[in-house]
>>> print(open('input.cif').read())   # mmCIF, C-alpha atoms and all ligand atoms
data_model
loop_
_atom_site.label_atom_id
_atom_site.label_comp_id
_atom_site.auth_asym_id
_atom_site.auth_seq_id
_atom_site.Cartn_x
_atom_site.Cartn_y
_atom_site.Cartn_z
CA MET Q 1 2.52 -22.76 -15.79
CA HIS Q 2 -0.53 -20.62 -15.43
CA LYS Q 3 -3.59 -21.50 -17.50
CA PRO Q 4 -6.28 -18.82 -17.73
CA THR Q 5 -9.72 -20.23 -17.05
CA ARG Q 6 -11.66 -17.56 -18.89
CA PHE Q 7 -11.33 -14.46 -20.99
CA LYS Q 8 -13.59 -11.68 -19.84
CA ASN Q 9 -13.77 -8.52 -21.80
CA MET Q 10 -13.59 -5.93 -19.12
CA LYS Q 11 -13.48 -2.21 -19.79
CA LEU Q 12 -11.41 -0.28 -17.29
CA LYS Q 13 -10.37 3.32 -17.12
CA ILE Q 14 -7.20 3.84 -15.13
CA ALA Q 15 -5.95 7.20 -13.87
CA VAL Q 16 -2.15 7.17 -13.77
CA LEU Q 17 -0.40 9.44 -11.25
CA PRO Q 18 3.38 8.99 -11.57
CA GLY Q 19 4.26 11.77 -9.11
CA ASP Q 20 7.83 12.45 -7.99
CA GLY Q 21 11.29 10.91 -7.76
CA ILE Q 22 11.37 7.34 -9.06
CA GLY Q 23 7.59 7.50 -9.49
CA PRO Q 24 7.53 8.02 -13.26
CA GLU Q 25 10.01 5.19 -13.97
CA ILE Q 26 8.32 2.54 -11.87
CA CYS Q 27 4.89 3.70 -12.97
CA GLN Q 28 5.86 3.19 -16.60
CA GLN Q 29 6.63 -0.45 -15.83
CA GLY Q 30 3.30 -0.81 -14.03
CA VAL Q 31 1.47 0.59 -17.05
CA ASN Q 32 3.36 -1.79 -19.37
CA VAL Q 33 2.24 -4.70 -17.21
CA VAL Q 34 -1.38 -3.51 -17.31
CA LYS Q 35 -1.14 -3.38 -21.13
CA ALA Q 36 0.39 -6.85 -21.36
CA ILE Q 37 -2.32 -8.31 -19.13
CA ALA Q 38 -5.03 -6.47 -21.07
CA SER Q 39 -3.99 -7.93 -24.39
CA ARG Q 40 -3.32 -11.37 -22.89
CA PHE Q 41 -6.81 -11.58 -21.31
CA GLY Q 42 -8.75 -9.46 -23.79
CA HIS Q 43 -9.57 -6.45 -21.62
CA GLU Q 44 -9.99 -2.94 -22.91
CA ILE Q 45 -8.04 -0.59 -20.69
CA SER Q 46 -7.58 3.12 -21.19
CA PHE Q 47 -5.23 5.42 -19.32
CA GLU Q 48 -5.50 9.04 -18.33
CA TYR Q 49 -2.38 10.66 -16.83
CA ALA Q 50 -2.52 13.34 -14.16
CA ILE Q 51 -0.01 15.32 -12.13
CA CYS Q 52 0.48 15.35 -8.34
CA GLY Q 53 3.09 16.01 -5.66
CA ALA Q 54 6.11 18.28 -6.11
CA ASP Q 55 5.71 17.88 -9.86
CA ALA Q 56 2.26 19.46 -9.63
CA ILE Q 57 3.48 22.20 -7.24
CA ASP Q 58 6.10 23.13 -9.84
CA LYS Q 59 3.57 23.13 -12.65
CA VAL Q 60 0.43 24.60 -11.09
CA GLY Q 61 1.26 25.41 -7.46
CA ASN Q 62 -0.96 22.67 -5.99
CA PRO Q 63 0.12 19.10 -5.10
CA PHE Q 64 -3.34 17.66 -5.87
CA PRO Q 65 -4.99 19.95 -8.43
CA GLU Q 66 -8.72 19.85 -9.06
CA GLU Q 67 -8.11 18.47 -12.54
CA THR Q 68 -6.21 15.51 -11.07
CA PHE Q 69 -9.05 14.91 -8.63
CA GLN Q 70 -11.55 14.92 -11.51
CA THR Q 71 -9.39 12.49 -13.49
CA CYS Q 72 -9.39 10.15 -10.47
CA MET Q 73 -13.15 10.48 -10.03
CA ARG Q 74 -13.77 9.59 -13.69
CA ALA Q 75 -11.56 6.50 -13.47
CA ASP Q 76 -12.34 2.99 -12.21
CA ALA Q 77 -8.97 2.80 -10.46
CA VAL Q 78 -5.94 4.96 -9.80
CA LEU Q 79 -2.41 3.69 -10.34
CA PHE Q 80 -0.26 5.89 -8.16
CA ALA Q 81 3.52 5.79 -7.77
CA ALA Q 82 5.11 8.16 -5.24
CA ILE Q 83 5.12 11.67 -3.85
CA GLY Q 84 7.95 13.55 -2.11
CA ASP Q 85 10.86 15.82 -2.88
CA PRO Q 86 13.93 16.66 -0.75
CA ARG Q 87 13.53 20.35 -1.54
CA TYR Q 88 10.73 20.37 1.03
CA ASP Q 89 12.05 17.92 3.62
CA ASN Q 90 14.24 20.31 5.57
CA ASP Q 91 12.09 23.34 5.15
CA PRO Q 92 9.44 23.45 7.89
CA THR Q 93 8.38 26.89 6.65
CA ALA Q 94 7.26 25.68 3.20
CA LYS Q 95 3.65 26.74 2.63
CA VAL Q 96 2.75 23.89 0.31
CA ARG Q 97 4.27 20.43 0.61
CA PRO Q 98 4.10 17.50 -1.79
CA GLU Q 99 2.73 15.21 0.95
CA GLN Q 100 -0.33 17.44 1.24
CA GLY Q 101 -1.22 16.13 -2.22
CA LEU Q 102 -1.32 12.60 -0.90
CA LEU Q 103 -3.47 13.59 2.07
CA ALA Q 104 -5.81 15.55 -0.20
CA MET Q 105 -6.14 12.55 -2.49
CA ARG Q 106 -6.96 10.28 0.45
CA LYS Q 107 -9.48 12.69 1.91
CA GLN Q 108 -11.20 13.72 -1.31
CA LEU Q 109 -11.51 10.15 -2.59
CA GLY Q 110 -12.65 8.97 0.86
CA LEU Q 111 -9.89 6.34 0.99
CA PHE Q 112 -10.38 5.30 4.59
CA ALA Q 113 -8.91 1.81 4.30
CA ASN Q 114 -5.28 1.30 3.46
CA ILE Q 115 -4.54 -2.37 2.88
CA ARG Q 116 -0.88 -3.30 3.20
CA PRO Q 117 -0.15 -7.01 2.77
CA ILE Q 118 3.17 -8.04 4.31
CA GLU Q 119 4.58 -11.05 2.58
CA THR Q 120 7.91 -12.78 2.73
CA PHE Q 121 9.48 -13.88 -0.52
CA PRO Q 122 11.58 -17.04 -0.07
CA ALA Q 123 14.15 -15.68 -2.55
CA LEU Q 124 14.69 -12.61 -0.35
CA ILE Q 125 14.61 -14.01 3.15
CA HIS Q 126 18.37 -13.51 3.45
CA LYS Q 127 17.77 -9.77 3.05
CA SER Q 128 15.67 -9.61 6.19
CA PRO Q 129 17.31 -8.15 9.29
CA LEU Q 130 15.59 -10.99 11.19
CA LYS Q 131 16.77 -14.57 11.45
CA ASP Q 132 15.45 -16.89 8.79
CA ASP Q 133 13.58 -19.14 11.25
CA ILE Q 134 11.75 -16.17 12.77
CA VAL Q 135 10.64 -14.45 9.59
CA ARG Q 136 10.15 -17.30 7.10
CA GLY Q 137 6.49 -17.75 6.28
CA ALA Q 138 5.36 -14.49 7.87
CA ASP Q 139 2.27 -13.37 6.02
CA PHE Q 140 -0.08 -10.77 7.38
CA ILE Q 141 -2.11 -7.77 6.34
CA CYS Q 142 -2.05 -4.38 7.99
CA ILE Q 143 -5.24 -2.45 7.62
CA ARG Q 144 -4.51 1.15 8.38
CA GLU Q 145 -7.27 3.73 8.86
CA LEU Q 146 -6.31 6.46 6.41
CA THR Q 147 -8.59 9.48 6.65
CA GLY Q 148 -8.83 10.17 10.37
CA GLY Q 149 -6.73 10.59 13.48
CA MET Q 150 -3.86 13.01 13.94
CA TYR Q 151 -3.28 13.37 10.23
CA PHE Q 152 -6.55 15.21 9.83
CA GLY Q 153 -7.57 16.34 13.33
CA GLU Q 154 -7.46 19.96 14.42
CA LYS Q 155 -3.94 21.37 14.47
CA HIS Q 156 -2.25 24.38 15.92
CA GLU Q 157 1.26 25.61 15.34
CA ASP Q 158 3.05 28.69 16.61
CA ASN Q 159 6.60 29.20 17.76
CA GLU Q 160 5.88 28.26 21.36
CA ARG Q 161 3.16 25.67 21.20
CA ALA Q 162 1.83 23.15 18.72
CA TYR Q 163 -0.60 20.28 18.74
CA ASP Q 164 -2.33 17.69 16.58
CA THR Q 165 -5.62 16.17 17.60
CA ASN Q 166 -6.26 12.44 17.37
CA VAL Q 167 -10.00 12.37 16.76
CA TYR Q 168 -12.04 9.30 15.84
CA THR Q 169 -15.77 8.83 15.68
CA ARG Q 170 -17.66 5.58 16.15
CA PRO Q 171 -18.72 5.29 12.47
CA GLU Q 172 -15.12 5.80 11.35
CA ILE Q 173 -13.96 3.03 13.66
CA GLU Q 174 -16.79 0.69 12.71
CA ARG Q 175 -16.22 0.92 8.99
CA ILE Q 176 -12.49 0.21 9.21
CA LEU Q 177 -13.04 -2.68 11.63
CA LYS Q 178 -15.54 -4.11 9.18
CA VAL Q 179 -12.84 -4.12 6.50
CA GLY Q 180 -10.57 -5.90 8.99
CA TYR Q 181 -13.16 -8.56 9.74
CA ASP Q 182 -13.89 -9.11 6.04
CA TYR Q 183 -10.19 -9.85 5.47
CA ALA Q 184 -9.92 -11.98 8.58
CA LEU Q 185 -12.85 -14.13 7.46
CA ARG Q 186 -11.11 -14.80 4.14
CA ARG Q 187 -7.79 -15.55 5.83
CA ARG Q 188 -6.78 -17.27 9.09
CA ARG Q 189 -9.57 -15.64 11.10
CA HIS Q 190 -7.36 -13.80 13.50
CA LEU Q 191 -7.79 -10.04 13.95
CA THR Q 192 -5.46 -8.00 16.11
CA VAL Q 193 -6.68 -4.53 17.02
CA VAL Q 194 -3.67 -2.35 17.77
CA ASP Q 195 -4.16 0.69 20.01
CA LYS Q 196 -2.84 2.55 23.03
CA ALA Q 197 -5.94 2.19 25.18
CA ASN Q 198 -3.96 2.45 28.42
CA ILE Q 199 -3.23 6.10 27.59
CA LEU Q 200 -5.35 7.49 24.78
CA ALA Q 201 -9.08 8.26 24.92
CA SER Q 202 -9.32 7.75 21.15
CA SER Q 203 -7.86 4.26 21.58
CA ARG Q 204 -10.36 3.45 24.32
CA LEU Q 205 -13.19 4.23 21.92
CA TRP Q 206 -11.53 1.96 19.33
CA ARG Q 207 -11.37 -0.82 21.88
CA LYS Q 208 -14.95 -0.33 23.04
CA VAL Q 209 -16.27 -0.43 19.50
CA ALA Q 210 -14.11 -3.43 18.59
CA GLN Q 211 -15.20 -5.39 21.66
CA GLN Q 212 -18.82 -4.80 20.68
CA MET Q 213 -18.25 -5.76 17.05
CA ALA Q 214 -16.27 -8.87 17.94
CA LYS Q 215 -19.54 -10.42 19.16
CA ASP Q 216 -20.86 -10.29 15.58
CA TYR Q 217 -17.84 -12.25 14.35
CA PRO Q 218 -17.71 -15.33 16.58
CA ASP Q 219 -15.63 -17.19 13.97
CA VAL Q 220 -12.84 -14.66 14.20
CA ASN Q 221 -10.39 -14.66 17.06
CA THR Q 222 -10.15 -10.97 18.01
CA ASP Q 223 -7.33 -9.83 20.22
CA PHE Q 224 -6.03 -6.45 21.37
CA MET Q 225 -2.48 -5.24 21.59
CA TYR Q 226 -0.88 -1.98 22.64
CA VAL Q 227 1.07 -0.44 19.80
CA ASP Q 228 4.42 -0.54 21.62
CA ASN Q 229 3.94 -4.22 22.32
CA ALA Q 230 2.83 -4.84 18.73
CA SER Q 231 5.98 -3.25 17.35
CA MET Q 232 8.03 -5.60 19.54
CA ARG Q 233 5.96 -8.67 18.70
CA MET Q 234 6.37 -7.93 15.01
CA ILE Q 235 10.10 -8.50 15.18
CA GLN Q 236 9.99 -11.28 17.76
CA GLU Q 237 7.21 -13.36 16.27
CA PRO Q 238 5.90 -11.92 13.00
CA ARG Q 239 4.03 -15.14 12.20
CA PHE Q 240 1.72 -14.38 15.13
CA PHE Q 241 -0.16 -11.87 12.99
CA ASP Q 242 -2.85 -12.50 10.41
CA VAL Q 243 -4.83 -9.26 10.11
CA ILE Q 244 -3.89 -6.11 12.00
CA VAL Q 245 -6.25 -3.18 12.13
CA THR Q 246 -5.15 0.13 13.54
CA GLU Q 247 -5.47 3.89 13.40
CA ASN Q 248 -3.72 6.18 10.92
CA THR Q 249 -0.53 7.13 12.77
CA PHE Q 250 0.13 3.72 14.33
CA GLY Q 251 -0.50 2.14 10.93
CA ASP Q 252 1.98 4.47 9.26
CA ILE Q 253 4.74 3.46 11.64
CA LEU Q 254 3.94 -0.24 11.93
CA THR Q 255 3.72 -0.76 8.17
CA ASP Q 256 7.18 0.71 7.64
CA GLU Q 257 8.50 -1.66 10.28
CA ALA Q 258 6.60 -4.56 8.76
CA SER Q 259 7.79 -3.86 5.23
CA CYS Q 260 11.37 -3.82 6.37
CA ILE Q 261 11.37 -7.08 8.33
CA THR Q 262 10.45 -9.07 5.24
CA GLY Q 263 13.58 -7.78 3.49
CA SER Q 264 11.44 -6.69 0.62
CA MET Q 265 10.48 -3.08 1.05
CA GLY Q 266 10.77 -2.57 -2.72
CA LEU Q 267 8.27 -5.36 -3.28
CA LEU Q 268 5.31 -4.41 -1.17
CA PRO Q 269 2.20 -2.98 -2.80
CA SER Q 270 -0.84 -1.46 -1.19
CA ALA Q 271 -4.43 -0.60 -1.95
CA SER Q 272 -6.44 2.26 -0.55
CA THR Q 273 -10.17 1.87 -0.81
CA GLY Q 274 -13.20 3.67 0.48
CA GLU Q 275 -15.95 5.84 -0.88
CA HIS Q 276 -14.74 6.64 -4.41
CA THR Q 277 -12.10 5.37 -6.84
CA PRO Q 278 -9.60 2.98 -5.23
CA VAL Q 279 -5.88 3.75 -5.42
CA PHE Q 280 -3.10 1.19 -5.90
CA GLU Q 281 0.43 2.14 -4.99
CA PRO Q 282 3.77 0.83 -3.72
CA ILE Q 283 4.49 1.17 0.00
CA HIS Q 284 7.94 2.68 -0.56
CA GLY Q 285 8.45 6.37 -1.18
CA SER Q 286 9.82 8.50 -4.00
CA TRP Q 287 13.54 7.75 -3.41
CA PRO Q 288 14.66 11.03 -5.00
CA GLN Q 289 18.36 10.08 -5.00
CA ALA Q 290 17.64 7.30 -7.48
CA LYS Q 291 15.49 9.37 -9.81
CA GLY Q 292 16.26 8.82 -13.49
CA GLN Q 293 18.96 6.24 -12.78
CA ASN Q 294 17.04 3.16 -13.82
CA ILE Q 295 17.90 1.37 -10.56
CA ALA Q 296 14.62 1.51 -8.61
CA ASN Q 297 12.78 -1.75 -8.08
CA PRO Q 298 9.52 -1.74 -10.07
CA LEU Q 299 8.10 -4.83 -8.33
CA ALA Q 300 6.03 -3.08 -5.65
CA GLN Q 301 4.39 -1.02 -8.38
CA ILE Q 302 3.86 -4.11 -10.53
CA LEU Q 303 2.37 -6.00 -7.58
CA SER Q 304 0.07 -3.06 -6.96
CA VAL Q 305 -1.19 -3.71 -10.50
CA ALA Q 306 -1.91 -7.28 -9.37
CA MET Q 307 -3.93 -5.89 -6.46
CA LEU Q 308 -5.77 -3.63 -8.89
CA PHE Q 309 -6.91 -6.55 -11.04
CA GLU Q 310 -7.81 -8.62 -7.99
CA TYR Q 311 -9.93 -5.76 -6.68
CA PHE Q 312 -12.13 -6.21 -9.76
CA GLY Q 313 -12.30 -9.97 -9.20
CA LEU Q 314 -9.78 -10.63 -11.98
CA ASN Q 315 -7.83 -13.14 -9.93
CA ASP Q 316 -6.24 -15.02 -12.82
CA GLU Q 317 -4.76 -11.76 -14.02
CA GLY Q 318 -3.42 -11.00 -10.55
CA LEU Q 319 -2.06 -14.51 -10.22
CA LEU Q 320 -0.20 -14.34 -13.51
CA ILE Q 321 1.47 -11.09 -12.43
CA ARG Q 322 2.48 -12.67 -9.12
CA GLN Q 323 3.87 -15.69 -10.93
CA ALA Q 324 5.84 -13.43 -13.27
CA VAL Q 325 7.27 -11.51 -10.32
CA ASN Q 326 8.25 -14.70 -8.50
CA ALA Q 327 9.79 -16.10 -11.67
CA SER Q 328 11.87 -12.95 -12.13
CA LEU Q 329 13.19 -13.27 -8.58
CA GLU Q 330 13.98 -16.96 -9.05
CA ALA Q 331 15.79 -16.16 -12.32
CA ASN Q 332 17.81 -13.48 -10.48
CA VAL Q 333 16.39 -10.82 -12.74
CA ARG Q 334 16.65 -8.30 -9.93
CA THR Q 335 17.41 -4.64 -9.41
CA PRO Q 336 20.73 -3.94 -7.66
CA GLU Q 337 19.43 -3.65 -4.06
CA ILE Q 338 18.24 -7.26 -4.04
CA GLN Q 339 20.58 -8.79 -6.59
CA VAL Q 340 22.60 -11.81 -5.45
CA PRO Q 341 26.40 -11.48 -5.38
CA GLY Q 342 27.74 -11.96 -8.89
CA GLY Q 343 24.26 -11.59 -10.41
CA ALA Q 344 23.86 -9.63 -13.65
CA HIS Q 345 22.81 -6.00 -13.68
CA TYR Q 346 19.15 -5.35 -14.32
CA GLY Q 347 17.59 -1.92 -14.15
CA THR Q 348 14.02 -0.79 -13.55
CA ARG Q 349 13.28 -1.11 -17.27
CA GLU Q 350 14.93 -4.48 -17.77
CA VAL Q 351 13.04 -6.05 -14.86
CA GLY Q 352 9.79 -4.60 -16.20
CA GLU Q 353 10.51 -5.86 -19.72
CA TRP Q 354 11.33 -9.35 -18.45
CA ILE Q 355 8.01 -9.49 -16.62
CA VAL Q 356 6.05 -8.23 -19.62
CA ASP Q 357 7.79 -10.83 -21.74
CA TYR Q 358 6.87 -13.57 -19.25
CA ILE Q 359 3.23 -12.47 -19.38
CA ASN Q 360 3.20 -12.37 -23.17
CA LYS Q 361 4.64 -15.87 -23.39
CA ALA Q 362 2.48 -17.48 -20.68
CA VAL Q 363 0.25 -20.20 -22.08
C1 LIG H 1 2.76 6.56 3.76
C2 LIG H 1 3.61 7.79 3.76
C3 LIG H 1 2.72 9.00 3.93
C4 LIG H 1 2.03 8.91 5.26
C5 LIG H 1 3.43 10.35 3.80
C6 LIG H 1 4.27 10.45 2.55
C7 LIG H 1 2.45 11.49 3.88
O1 LIG H 1 4.59 7.73 4.75
O2 LIG H 1 1.93 6.41 2.84
O3 LIG H 1 2.90 5.73 4.65
O4 LIG H 1 2.58 9.31 6.29
O5 LIG H 1 0.90 8.41 5.28
MN MN H 2 4.56 5.91 5.92
#
>>> encode(input="input.cif", output="structure tokens")
Amino acid sequence: MHKPTRFKNMKLKIAVLPGDGIGPEICQQGVNVVKAIASRFGHEISFEYAICGADAIDKVGNPFPEETFQTCMRADAVLFAAIGDPRYDNDPTAKVRPEQGLLAMRKQLGLFANIRPIETFPALIHKSPLKDDIVRGADFICIRELTGGMYFGEKHEDNERAYDTNVYTRPEIERILKVGYDYALRRRRHLTVVDKANILASSRLWRKVAQQMAKDYPDVNTDFMYVDNASMRMIQEPRFFDVIVTENTFGDILTDEASCITGSMGLLPSASTGEHTPVFEPIHGSWPQAKGQNIANPLAQILSVAMLFEYFGLNDEGLLIRQAVNASLEANVRTPEIQVPGGAHYGTREVGEWIVDYINKAV
């Protein structure tokens, strides 16, 4: 059982952005976990809620309103849930889209580094589409550049011709590689730079910069992989990877693939950090079909709370949350999509309550 080594009285202001779909339900469980940890460890944590996504389009016509931005700027951390609404998915003519809120948040908060840890959970290995002996023990981190590339480069769109520009500058590449090296130094010292340098000029600049930087990190084994090869390697030999660093679009695609091979998409958190307030959020989306049904898995959101505490050096707090999550899985306190055959029914709320209870009782 976990024994806290110290009680620090930390004051934290958290901006809470529940967003769309299952966002509000899972976010509520995340907030409950923050509160349980706060009282368990003696921290003073305040919350300020703000709107975003389709919810904010409905209310004020803007998926990331200025007021939400200001709330984020005032906070020490943002707990974010999900954005997205099917009303916009099949309507390419929509003028405002919920996803623009997410991009605005990333850009305005300068969140250039998206950290997505890919972990396997022994209790869920059977859910992986890969064979047990290939996926067991896979444990790597994808570091995705989040404020550059095609997502933000110059665009053009008319009925006959359209393009997106994949621009990167040397400082943008250097700062994200630095994040990659910092992680690699704390882990197994293996950094894989994923690009498409055989085709793309932007990738060749990435590779040039990375080759130069690698000299400053002689203790890290730096290798390079084309993105098509990396996507294959990820399913053939996921344990090969330790830290992956890559550009925005490749990172988007590879992290979806990575989250799925562990069989635990509903369990993977992420952190986006950069120039201003960091944001902690689940990797999965807003799952609109499940909205309000109390069936969505709150664990990715709860683990993003663990990442939040760890960001502030509160590792005991993070560890206790991780232990609670593992204990819930072991006890088969699981939402339907990962429940074992014959296992009891637990909803979003019930899983959250079980975890809060575990935290309250931990000695
Ligand atoms: C993600 C999502 C977003 C992205 C969408 C919702 C804009 O897929 O965070 O990976 O493409 O970055
Ligand atoms: Mn994505």
>>> closest_atom_pairs(input="input.cif", of="segment 62-135 of chain Q", to="segment 145-165 of chain Q", cutoff="10 Å", atoms="all atoms listed in the file", output="tab-separated table")
residue	atom	partner	partner_atom	distance
Q:Leu103	CA	Q:Thr147	CA	8.0
Q:Ala104	CA	Q:Thr147	CA	9.6
Q:Met105	CA	Q:Thr147	CA	9.9
Q:Arg106	CA	Q:Thr147	CA	6.5
Q:Lys107	CA	Q:Thr147	CA	5.8
Q:Gln108	CA	Q:Thr147	CA	9.4
Q:Leu109	CA	Q:Thr147	CA	9.7
Q:Gly110	CA	Q:Thr147	CA	7.1
Q:Leu111	CA	Q:Leu146	CA	6.5
Q:Phe112	CA	Q:Leu146	CA	4.6
Q:Ala113	CA	Q:Glu145	CA	5.2
Q:Asn114	CA	Q:Leu146	CA	6.0
Q:Ile115	CA	Q:Glu145	CA	9.0
>>> write_last_selection(input="input.cif", atoms="C-alpha atoms", output="mmCIF file, in the coordinates of the input")
data_model
loop_
_atom_site.group_PDB
_atom_site.id
_atom_site.type_symbol
_atom_site.label_atom_id
_atom_site.label_comp_id
_atom_site.auth_asym_id
_atom_site.auth_seq_id
_atom_site.Cartn_x
_atom_site.Cartn_y
_atom_site.Cartn_z
ATOM 1 C CA LEU Q 103 -3.470 13.590 2.070
ATOM 2 C CA ALA Q 104 -5.810 15.550 -0.200
ATOM 3 C CA MET Q 105 -6.140 12.550 -2.490
ATOM 4 C CA ARG Q 106 -6.960 10.280 0.450
ATOM 5 C CA LYS Q 107 -9.480 12.690 1.910
ATOM 6 C CA GLN Q 108 -11.200 13.720 -1.310
ATOM 7 C CA LEU Q 109 -11.510 10.150 -2.590
ATOM 8 C CA GLY Q 110 -12.650 8.970 0.860
ATOM 9 C CA LEU Q 111 -9.890 6.340 0.990
ATOM 10 C CA PHE Q 112 -10.380 5.300 4.590
ATOM 11 C CA ALA Q 113 -8.910 1.810 4.300
ATOM 12 C CA ASN Q 114 -5.280 1.300 3.460
ATOM 13 C CA ILE Q 115 -4.540 -2.370 2.880
#
>>> residues_around(input="input.cif", residues="His284 of chain Q", least_positions_apart="6", cutoff="8 Å", atoms="all atoms listed in the file", output="VMD selection string")
chain Q and resid 82 265 to 266 268 300
>>> atom_distance(input="input.cif", atom1="atom CA of Ser202 of chain Q", atom2="atom CA of Phe250 of chain Q")
12.3 Å
>>> residues_near_ligand(input="input.cif", ligand="ligand MN 2 (chain H)", cutoff="7 Å", atoms="all atoms listed in the file", output="list in words")
Asp252, Ile253 and Asp256 of chain Q
>>> write_last_selection(input="input.cif", atoms="C-alpha atoms", output="mmCIF file, in the coordinates of the input")
data_model
loop_
_atom_site.group_PDB
_atom_site.id
_atom_site.type_symbol
_atom_site.label_atom_id
_atom_site.label_comp_id
_atom_site.auth_asym_id
_atom_site.auth_seq_id
_atom_site.Cartn_x
_atom_site.Cartn_y
_atom_site.Cartn_z
ATOM 1 C CA ASP Q 252 1.980 4.470 9.260
ATOM 2 C CA ILE Q 253 4.740 3.460 11.640
ATOM 3 C CA ASP Q 256 7.180 0.710 7.640
#
>>> residues_near_ligand(input="input.cif", ligand="ligand LIG 1 (chain H)", cutoff="7 Å", atoms="all atoms listed in the file", output="PyMOL selection string")
chain Q and resi 83-84+99+102-103+252+283+285
>>> atom_distance(input="input.cif", atom1="atom CA of Thr192 of chain Q", atom2="atom CA of Pro278 of chain Q")
24.4 Å
>>> residues_near_point(input="input.cif", point="(9.8, -10.0, -10.6)", cutoff="8 Å", atoms="only C-alpha atoms", output="VMD selection string")
chain Q and resid 299 322 324 to 329 333 to 334 351 to 352 355
>>> build_atoms(input="input.cif", residues="segment 88-105 of chain Q", atoms="N, CA and C atoms", output="short mmCIF file (atom, residue, chain, number, x, y, z; two decimals), in the frame of the given file")
data_model
loop_
_atom_site.label_atom_id
_atom_site.label_comp_id
_atom_site.auth_asym_id
_atom_site.auth_seq_id
_atom_site.Cartn_x
_atom_site.Cartn_y
_atom_site.Cartn_z
N TYR Q 88 11.68 19.97 -0.01
CA TYR Q 88 10.73 20.37 1.03
C TYR Q 88 11.04 19.75 2.39
N ASP Q 89 11.88 18.69 2.39
CA ASP Q 89 12.05 17.92 3.62
C ASP Q 89 12.63 18.73 4.78
N ASN Q 90 13.61 19.57 4.47
CA ASN Q 90 14.24 20.31 5.57
C ASN Q 90 13.79 21.75 5.64
N ASP Q 91 12.60 21.98 5.15
CA ASP Q 91 12.09 23.34 5.15
C ASP Q 91 10.72 23.39 5.82
N PRO Q 92 10.73 23.46 7.18
CA PRO Q 92 9.44 23.45 7.89
C PRO Q 92 8.59 24.68 7.59
N THR Q 93 9.17 25.68 6.92
CA THR Q 93 8.38 26.89 6.65
C THR Q 93 7.64 26.81 5.31
N ALA Q 94 7.90 25.78 4.52
CA ALA Q 94 7.26 25.68 3.20
C ALA Q 94 5.74 25.76 3.36
N LYS Q 95 5.11 26.55 2.52
CA LYS Q 95 3.65 26.74 2.63
C LYS Q 95 2.89 25.57 2.03
N VAL Q 96 3.36 25.09 0.90
CA VAL Q 96 2.75 23.89 0.31
C VAL Q 96 3.80 22.79 0.29
N ARG Q 97 3.35 21.57 0.58
CA ARG Q 97 4.27 20.43 0.61
C ARG Q 97 3.70 19.32 -0.26
N PRO Q 98 4.57 18.57 -0.91
CA PRO Q 98 4.10 17.50 -1.79
C PRO Q 98 3.18 16.52 -1.07
N GLU Q 99 3.52 16.20 0.19
CA GLU Q 99 2.73 15.21 0.95
C GLU Q 99 1.28 15.64 1.13
N GLN Q 100 1.06 16.98 1.12
CA GLN Q 100 -0.33 17.44 1.24
C GLN Q 100 -1.18 16.92 0.07
N GLY Q 101 -0.52 16.67 -1.05
CA GLY Q 101 -1.22 16.13 -2.22
C GLY Q 101 -1.74 14.74 -1.93
N LEU Q 102 -0.92 13.97 -1.24
CA LEU Q 102 -1.32 12.60 -0.90
C LEU Q 102 -2.49 12.63 0.09
N LEU Q 103 -2.40 13.50 1.08
CA LEU Q 103 -3.47 13.59 2.07
C LEU Q 103 -4.76 14.08 1.42
N ALA Q 104 -4.61 15.04 0.49
CA ALA Q 104 -5.81 15.55 -0.20
C ALA Q 104 -6.44 14.44 -1.03
N MET Q 105 -5.61 13.65 -1.69
CA MET Q 105 -6.14 12.55 -2.49
C MET Q 105 -6.90 11.58 -1.60
#
